[in-house]
file protein-v2.pdb (PDB, C-alpha atoms and all ligand atoms)
ATOM      1  CA  MET A 726       8.978  85.335  -0.544
ATOM      2  CA  GLN A 727       6.334  87.199  -2.500
ATOM      3  CA  THR A 728       6.149  90.909  -2.049
ATOM      4  CA  PHE A 729       3.348  93.333  -2.732
ATOM      5  CA  GLU A 730       5.534  95.272  -5.174
ATOM      6  CA  GLN A 731       5.606  92.291  -7.498
ATOM      7  CA  HIS A 732       1.927  91.646  -7.013
ATOM      8  CA  PRO A 733       0.126  94.932  -6.470
ATOM      9  CA  GLN A 734      -3.242  93.204  -6.902
ATOM     10  CA  ASP A 735      -2.397  91.046  -3.887
ATOM     11  CA  LYS A 736      -2.287  94.134  -1.743
ATOM     12  CA  HIS A 737      -5.891  94.899  -2.668
ATOM     13  CA  LYS A 738      -6.847  91.313  -2.030
ATOM     14  CA  ALA A 739      -5.157  91.357   1.360
ATOM     15  CA  VAL A 740      -6.908  94.596   2.370
ATOM     16  CA  ALA A 741     -10.245  93.256   1.116
ATOM     17  CA  LEU A 742      -9.871  90.097   3.205
ATOM     18  CA  ASP A 743      -9.007  92.109   6.300
ATOM     19  CA  ARG A 744     -12.009  94.312   5.619
ATOM     20  CA  TRP A 745     -14.265  91.247   5.391
ATOM     21  CA  ALA A 746     -12.913  89.966   8.677
ATOM     22  CA  ILE A 747     -13.579  93.361  10.288
ATOM     23  CA  VAL A 748     -17.136  93.470   8.895
ATOM     24  CA  LEU A 749     -17.840  89.929  10.152
ATOM     25  CA  SER A 750     -16.468  90.805  13.575
ATOM     26  CA  GLY A 751     -18.572  93.951  13.575
ATOM     27  CA  ILE A 752     -21.737  91.972  12.813
ATOM     28  CA  CYS A 753     -20.995  89.598  15.662
ATOM     29  CA  LEU A 754     -20.235  92.441  18.043
ATOM     30  CA  LEU A 755     -23.492  94.225  17.181
ATOM     31  CA  HIS A 756     -25.346  90.956  17.514
ATOM     32  CA  CYS A 757     -23.844  90.206  20.939
ATOM     33  CA  LEU A 758     -24.368  93.719  22.222
ATOM     34  CA  ALA A 759     -27.997  93.651  21.042
ATOM     35  CA  LEU A 760     -28.715  90.568  23.150
ATOM     36  CA  PRO A 761     -29.237  92.354  26.468
ATOM     37  CA  PHE A 762     -31.861  94.437  24.660
ATOM     38  CA  ALA A 763     -33.496  91.400  23.073
ATOM     39  CA  VAL A 764     -36.449  91.649  25.448
ATOM     40  CA  LEU A 765     -37.115  95.161  24.211
ATOM     41  CA  LEU A 766     -37.569  93.845  20.677
ATOM     42  CA  GLY A 767     -40.655  92.014  21.784
ATOM     43  CA  PRO A 768     -41.216  88.383  22.733
ATOM     44  CA  VAL A 769     -41.019  86.888  19.243
ATOM     45  CA  LEU A 770     -37.950  88.664  17.890
ATOM     46  CA  GLY A 771     -36.254  88.659  21.294
ATOM     47  CA  GLN A 772     -36.684  84.934  21.759
ATOM     48  CA  TRP A 773     -35.538  84.293  18.211
ATOM     49  CA  LEU A 774     -32.339  86.253  18.883
ATOM     50  CA  LEU A 775     -31.697  84.257  22.066
ATOM     51  CA  ASP A 776     -32.461  80.925  20.418
ATOM     52  CA  THR A 777     -30.202  81.517  17.443
ATOM     53  CA  GLU A 778     -27.329  82.994  19.477
ATOM     54  CA  THR A 779     -25.064  79.937  19.434
ATOM     55  CA  ASN A 780     -25.844  79.040  15.819
ATOM     56  CA  VAL A 781     -25.035  82.563  14.689
ATOM     57  CA  HIS A 782     -21.715  82.365  16.531
ATOM     58  CA  TRP A 783     -20.815  79.032  14.935
ATOM     59  CA  LEU A 784     -21.639  80.480  11.540
ATOM     60  CA  LEU A 785     -19.591  83.636  12.146
ATOM     61  CA  LEU A 786     -16.668  81.616  13.495
ATOM     62  CA  ALA A 787     -16.812  79.253  10.512
ATOM     63  CA  LEU A 788     -16.648  82.255   8.174
ATOM     64  CA  ALA A 789     -14.051  84.139  10.227
ATOM     65  CA  LEU A 790     -11.625  81.240  10.685
ATOM     66  CA  PRO A 791     -10.524  80.749   7.064
ATOM     67  CA  ILE A 792     -10.573  84.493   6.313
ATOM     68  CA  SER A 793      -8.590  85.405   9.423
ATOM     69  CA  PHE A 794      -6.214  82.502   9.040
ATOM     70  CA  TRP A 795      -5.389  83.470   5.486
ATOM     71  CA  ALA A 796      -5.241  87.230   6.059
ATOM     72  CA  LEU A 797      -3.209  87.054   9.267
ATOM     73  CA  ARG A 798      -0.821  84.445   7.888
ATOM     74  CA  ARG A 799      -0.173  86.592   4.844
ATOM     75  CA  GLY A 800       0.112  89.697   7.034
ATOM     76  CA  TYR A 801       2.614  88.008   9.304
ATOM     77  CA  LYS A 802       4.703  86.922   6.324
ATOM     78  CA  SER A 803       5.078  90.476   5.113
ATOM     79  CA  HIS A 804       4.943  92.558   8.301
ATOM     80  CA  ARG A 805       6.231  90.135  10.950
ATOM     81  CA  SER A 806       4.032  91.631  13.626
ATOM     82  CA  LEU A 807       3.696  89.227  16.526
ATOM     83  CA  VAL A 808       1.169  91.526  18.216
ATOM     84  CA  THR A 809      -1.195  91.225  15.241
ATOM     85  CA  LEU A 810      -0.736  87.473  14.948
ATOM     86  CA  THR A 811      -1.119  86.880  18.676
ATOM     87  CA  SER A 812      -4.196  89.049  19.180
ATOM     88  CA  GLY A 813      -5.854  87.467  16.135
ATOM     89  CA  SER A 814      -5.109  83.941  17.357
ATOM     90  CA  ILE A 815      -6.216  84.650  20.922
ATOM     91  CA  GLY A 816      -9.361  86.289  19.570
ATOM     92  CA  LEU A 817     -10.299  83.279  17.444
ATOM     93  CA  LEU A 818      -9.517  80.964  20.346
ATOM     94  CA  LEU A 819     -11.767  82.979  22.670
ATOM     95  CA  MET A 820     -14.540  82.954  20.060
ATOM     96  CA  PHE A 821     -14.207  79.169  19.888
ATOM     97  CA  LEU A 822     -14.143  78.794  23.695
ATOM     98  CA  GLY A 823     -17.264  80.933  23.885
ATOM     99  CA  VAL A 824     -19.321  79.241  21.202
ATOM    100  CA  SER A 825     -18.293  75.680  22.140
ATOM    101  CA  HIS A 826     -19.533  76.268  25.716
ATOM    102  CA  LEU A 827     -16.321  74.589  26.934
ATOM    103  CA  ALA A 828     -16.137  77.261  29.610
ATOM    104  CA  GLY A 829     -19.876  77.210  30.206
ATOM    105  CA  GLU A 830     -22.803  78.691  28.389
ATOM    106  CA  LEU A 831     -22.822  81.806  30.551
ATOM    107  CA  LEU A 832     -19.417  82.805  29.239
ATOM    108  CA  GLU A 833     -20.410  82.484  25.600
ATOM    109  CA  VAL A 834     -21.234  86.147  25.076
ATOM    110  CA  PRO A 835     -18.397  87.668  27.176
ATOM    111  CA  PHE A 836     -15.798  85.414  25.517
ATOM    112  CA  THR A 837     -17.222  86.111  22.083
ATOM    113  CA  VAL A 838     -17.247  89.883  22.611
ATOM    114  CA  VAL A 839     -13.637  89.964  23.864
ATOM    115  CA  GLY A 840     -12.545  87.523  21.159
ATOM    116  CA  VAL A 841     -14.211  89.484  18.397
ATOM    117  CA  VAL A 842     -12.646  92.747  19.576
ATOM    118  CA  ALA A 843      -9.207  91.071  19.572
ATOM    119  CA  VAL A 844      -9.798  89.732  16.054
ATOM    120  CA  MET A 845     -10.934  93.176  14.854
ATOM    121  CA  PHE A 846      -7.878  94.784  16.441
ATOM    122  CA  ALA A 847      -5.620  92.290  14.635
ATOM    123  CA  HIS A 848      -7.223  92.957  11.249
ATOM    124  CA  ILE A 849      -7.150  96.726  11.690
ATOM    125  CA  ARG A 850      -3.418  96.476  12.494
ATOM    126  CA  ASN A 851      -2.994  94.186   9.503
ATOM    127  CA  THR A 852      -4.742  96.659   7.195
ATOM    128  CA  ILE A 853      -2.657  99.592   8.407
ATOM    129  CA  ALA A 854       0.531  97.552   7.982
ATOM    130  CA  THR A 855      -0.483  96.478   4.466
ATOM    131  CA  LEU A 856      -1.326 100.044   3.407
ATOM    132  CA  LYS A 857       1.963 101.347   4.824
ATOM    133  CA  HIS A 858       3.905  98.592   3.112
ATOM    134  CA  HIS A 859       5.985  99.947   0.267
TER     135      HIS A 859
HETATM  136 ZN    ZN B   1     -22.993  87.450  19.060
END
call {"tool": "encode", "arguments": {"input": "protein-v2.pdb", "output": "structure tokens", "more": "lines below"}}
Ligand SMILES: [Zn+2]
result
Amino acid sequence: MQTFEQHPQDKHKAVALDRWAIVLSGICLLHCLALPFAVLLGPVLGQWLLDTETNVHWLLLALALPISFWALRRGYKSHRSLVTLTSGSIGLLLMFLGVSHLAGELLEVPFTVVGVVAVMFAHIRNTIATLKHH
């Protein structure tokens, strides 16, 4: 098994990936939380936000999946934290359930918000574990 001591640059790479995943999740969270206020942005911008909602979520999920998969897999290999792995997996699953409308279109935003928070939580834990790793 590779360790960070042998590959110090990998530690930076791992933290950078986690940071990207957190930033992506943050964008999605802001985006979802802005939706209820979409009407306040005016008819054109508000409608645009509503119309692009699902597409934005597909895009964010498509970007988050490979990043999270890689970062959490690597994190699990070195820190063996089931909590991190589980919350990340559940989060991605919820994001997928939300955006796919499998549970209905109305649940898209609630599922996405909860999923994104779980994914963020997993990557924050992953970052802390990586930084503590010695
Ligand atoms: Zn959103």
call {"tool": "closest_atom_pairs", "arguments": {"input": "protein-v2.pdb", "of": "chain A", "to": "ligand ZN 1 (chain B)", "cutoff": "12 Å", "atoms": "all atoms listed in the file", "output": "Markdown table"}}
result
| residue | atom | partner | partner_atom | distance |
| --- | --- | --- | --- | --- |
| A:Leu749 | CA | B:ZN1 | ZN | 10.6 |
| A:Ser750 | CA | B:ZN1 | ZN | 9.2 |
| A:Gly751 | CA | B:ZN1 | ZN | 9.6 |
| A:Ile752 | CA | B:ZN1 | ZN | 7.8 |
| A:Cys753 | CA | B:ZN1 | ZN | 4.5 |
| A:Leu754 | CA | B:ZN1 | ZN | 5.8 |
| A:Leu755 | CA | B:ZN1 | ZN | 7.0 |
| A:His756 | CA | B:ZN1 | ZN | 4.5 |
| A:Cys757 | CA | B:ZN1 | ZN | 3.4 |
| A:Leu758 | CA | B:ZN1 | ZN | 7.2 |
| A:Ala759 | CA | B:ZN1 | ZN | 8.2 |
| A:Leu760 | CA | B:ZN1 | ZN | 7.7 |
| A:Pro761 | CA | B:ZN1 | ZN | 10.9 |
| A:Ala763 | CA | B:ZN1 | ZN | 11.9 |
| A:Leu774 | CA | B:ZN1 | ZN | 9.4 |
| A:Leu775 | CA | B:ZN1 | ZN | 9.7 |
| A:Asp776 | CA | B:ZN1 | ZN | 11.6 |
| A:Thr777 | CA | B:ZN1 | ZN | 9.5 |
| A:Glu778 | CA | B:ZN1 | ZN | 6.2 |
| A:Thr779 | CA | B:ZN1 | ZN | 7.8 |
| A:Asn780 | CA | B:ZN1 | ZN | 9.5 |
| A:Val781 | CA | B:ZN1 | ZN | 6.9 |
| A:His782 | CA | B:ZN1 | ZN | 5.8 |
| A:Trp783 | CA | B:ZN1 | ZN | 9.6 |
| A:Leu784 | CA | B:ZN1 | ZN | 10.3 |
| A:Leu785 | CA | B:ZN1 | ZN | 8.6 |
| A:Leu786 | CA | B:ZN1 | ZN | 10.2 |
| A:Met820 | CA | B:ZN1 | ZN | 9.6 |
| A:Gly823 | CA | B:ZN1 | ZN | 9.9 |
| A:Val824 | CA | B:ZN1 | ZN | 9.2 |
| A:Leu832 | CA | B:ZN1 | ZN | 11.7 |
| A:Glu833 | CA | B:ZN1 | ZN | 8.6 |
| A:Val834 | CA | B:ZN1 | ZN | 6.4 |
| A:Pro835 | CA | B:ZN1 | ZN | 9.3 |
| A:Phe836 | CA | B:ZN1 | ZN | 9.9 |
| A:Thr837 | CA | B:ZN1 | ZN | 6.7 |
| A:Val838 | CA | B:ZN1 | ZN | 7.2 |
| A:Val839 | CA | B:ZN1 | ZN | 10.8 |
| A:Gly840 | CA | B:ZN1 | ZN | 10.7 |
| A:Val841 | CA | B:ZN1 | ZN | 9.0 |
| A:Val842 | CA | B:ZN1 | ZN | 11.6 |
call {"tool": "atom_distance", "arguments": {"input": "protein-v2.pdb", "atom1": "CA of Asp743 in chain A", "atom2": "CA of His826 in chain A"}}
result
27.2 Å
call {"tool": "resolve_selection", "arguments": {"input": "protein-v2.pdb", "expression": "the PyMOL selection byres (((chain A and resi 796-800) around 9) and not hetatm)", "output": "list in words"}}
result
Ala739, Val740, Leu742, Asp743, Ala746, Pro791, Ile792, Ser793, Phe794, Trp795, Tyr801, Lys802, Ser803, His804, Arg805, Ser806, Thr809, Leu810, Gly813, Ser814, Ala847, His848, Asn851, Thr852, Ala854 and Thr855 of chain A
call {"tool": "atom_distance", "arguments": {"input": "protein-v2.pdb", "atom1": "CA of Leu822 in chain A", "atom2": "CA of Met845 in chain A"}}
result
17.2 Å
call {"tool": "atom_distance", "arguments": {"input": "protein-v2.pdb", "atom1": "CA of Arg744 in chain A", "atom2": "CA of Phe846 in chain A"}}
result
11.6 Å
call {"tool": "closest_residue", "arguments": {"input": "protein-v2.pdb", "among": "A:Leu831, A:Ala789, A:Ala843, A:Leu818", "to": "Trp745 in chain A", "atoms": "all atoms listed in the file"}}
result
A:Ala789
call {"tool": "closest_residue", "arguments": {"input": "protein-v2.pdb", "among": "A:Val844, A:His858, A:Gly767, A:Leu807", "to": "Leu819 in chain A", "atoms": "all atoms listed in the file"}}
result
A:Val844
call {"tool": "build_atoms", "arguments": {"input": "protein-v2.pdb", "residues": "range 791-813 of chain A", "atoms": "N, CA and C atoms", "output": "PDB file, keeping the file's coordinate frame"}}
result
ATOM      1  N   PRO A 791     -11.357  80.788   8.272  1.00  0.00           N
ATOM      2  CA  PRO A 791     -10.524  80.749   7.064  1.00  0.00           C
ATOM      3  C   PRO A 791     -10.058  82.135   6.618  1.00  0.00           C
ATOM      4  N   ILE A 792     -10.937  83.143   6.741  1.00  0.00           N
ATOM      5  CA  ILE A 792     -10.573  84.493   6.313  1.00  0.00           C
ATOM      6  C   ILE A 792      -9.426  85.019   7.186  1.00  0.00           C
ATOM      7  N   SER A 793      -9.606  84.907   8.503  1.00  0.00           N
ATOM      8  CA  SER A 793      -8.590  85.405   9.423  1.00  0.00           C
ATOM      9  C   SER A 793      -7.289  84.634   9.266  1.00  0.00           C
ATOM     10  N   PHE A 794      -7.405  83.328   9.169  1.00  0.00           N
ATOM     11  CA  PHE A 794      -6.214  82.502   9.040  1.00  0.00           C
ATOM     12  C   PHE A 794      -5.396  82.958   7.836  1.00  0.00           C
ATOM     13  N   TRP A 795      -6.067  83.097   6.711  1.00  0.00           N
ATOM     14  CA  TRP A 795      -5.389  83.470   5.486  1.00  0.00           C
ATOM     15  C   TRP A 795      -4.818  84.889   5.579  1.00  0.00           C
ATOM     16  N   ALA A 796      -5.662  85.832   6.027  1.00  0.00           N
ATOM     17  CA  ALA A 796      -5.241  87.230   6.059  1.00  0.00           C
ATOM     18  C   ALA A 796      -4.116  87.455   7.067  1.00  0.00           C
ATOM     19  N   LEU A 797      -4.224  86.830   8.235  1.00  0.00           N
ATOM     20  CA  LEU A 797      -3.209  87.054   9.267  1.00  0.00           C
ATOM     21  C   LEU A 797      -1.907  86.337   8.930  1.00  0.00           C
ATOM     22  N   ARG A 798      -2.019  85.180   8.290  1.00  0.00           N
ATOM     23  CA  ARG A 798      -0.821  84.445   7.888  1.00  0.00           C
ATOM     24  C   ARG A 798      -0.045  85.259   6.846  1.00  0.00           C
ATOM     25  N   ARG A 799      -0.801  85.786   5.882  1.00  0.00           N
ATOM     26  CA  ARG A 799      -0.173  86.592   4.844  1.00  0.00           C
ATOM     27  C   ARG A 799       0.409  87.870   5.463  1.00  0.00           C
ATOM     28  N   GLY A 800      -0.358  88.482   6.371  1.00  0.00           N
ATOM     29  CA  GLY A 800       0.112  89.697   7.034  1.00  0.00           C
ATOM     30  C   GLY A 800       1.390  89.444   7.799  1.00  0.00           C
ATOM     31  N   TYR A 801       1.426  88.318   8.511  1.00  0.00           N
ATOM     32  CA  TYR A 801       2.614  88.008   9.304  1.00  0.00           C
ATOM     33  C   TYR A 801       3.814  87.797   8.401  1.00  0.00           C
ATOM     34  N   LYS A 802       3.605  87.167   7.253  1.00  0.00           N
ATOM     35  CA  LYS A 802       4.703  86.922   6.324  1.00  0.00           C
ATOM     36  C   LYS A 802       5.331  88.217   5.843  1.00  0.00           C
ATOM     37  N   SER A 803       4.482  89.245   5.624  1.00  0.00           N
ATOM     38  CA  SER A 803       5.078  90.476   5.113  1.00  0.00           C
ATOM     39  C   SER A 803       5.387  91.514   6.189  1.00  0.00           C
ATOM     40  N   HIS A 804       4.667  91.506   7.300  1.00  0.00           N
ATOM     41  CA  HIS A 804       4.943  92.558   8.301  1.00  0.00           C
ATOM     42  C   HIS A 804       5.613  92.035   9.567  1.00  0.00           C
ATOM     43  N   ARG A 805       5.595  90.741   9.775  1.00  0.00           N
ATOM     44  CA  ARG A 805       6.231  90.135  10.950  1.00  0.00           C
ATOM     45  C   ARG A 805       5.781  90.770  12.258  1.00  0.00           C
ATOM     46  N   SER A 806       4.504  91.058  12.369  1.00  0.00           N
ATOM     47  CA  SER A 806       4.032  91.631  13.626  1.00  0.00           C
ATOM     48  C   SER A 806       3.442  90.535  14.512  1.00  0.00           C
ATOM     49  N   LEU A 807       4.164  90.257  15.595  1.00  0.00           N
ATOM     50  CA  LEU A 807       3.696  89.227  16.526  1.00  0.00           C
ATOM     51  C   LEU A 807       2.445  89.682  17.268  1.00  0.00           C
ATOM     52  N   VAL A 808       2.337  90.996  17.506  1.00  0.00           N
ATOM     53  CA  VAL A 808       1.169  91.526  18.216  1.00  0.00           C
ATOM     54  C   VAL A 808      -0.097  91.225  17.422  1.00  0.00           C
ATOM     55  N   THR A 809      -0.048  91.483  16.108  1.00  0.00           N
ATOM     56  CA  THR A 809      -1.195  91.225  15.241  1.00  0.00           C
ATOM     57  C   THR A 809      -1.537  89.743  15.237  1.00  0.00           C
ATOM     58  N   LEU A 810      -0.516  88.916  15.036  1.00  0.00           N
ATOM     59  CA  LEU A 810      -0.736  87.473  14.948  1.00  0.00           C
ATOM     60  C   LEU A 810      -1.293  86.928  16.268  1.00  0.00           C
ATOM     61  N   THR A 811      -0.702  87.378  17.362  1.00  0.00           N
ATOM     62  CA  THR A 811      -1.119  86.880  18.676  1.00  0.00           C
ATOM     63  C   THR A 811      -2.537  87.319  19.015  1.00  0.00           C
ATOM     64  N   SER A 812      -2.848  88.599  18.801  1.00  0.00           N
ATOM     65  CA  SER A 812      -4.196  89.049  19.180  1.00  0.00           C
ATOM     66  C   SER A 812      -5.243  88.382  18.296  1.00  0.00           C
ATOM     67  N   GLY A 813      -4.920  88.164  17.022  1.00  0.00           N
ATOM     68  CA  GLY A 813      -5.854  87.467  16.135  1.00  0.00           C
ATOM     69  C   GLY A 813      -6.079  86.034  16.586  1.00  0.00           C
TER      70      GLY A 813
END
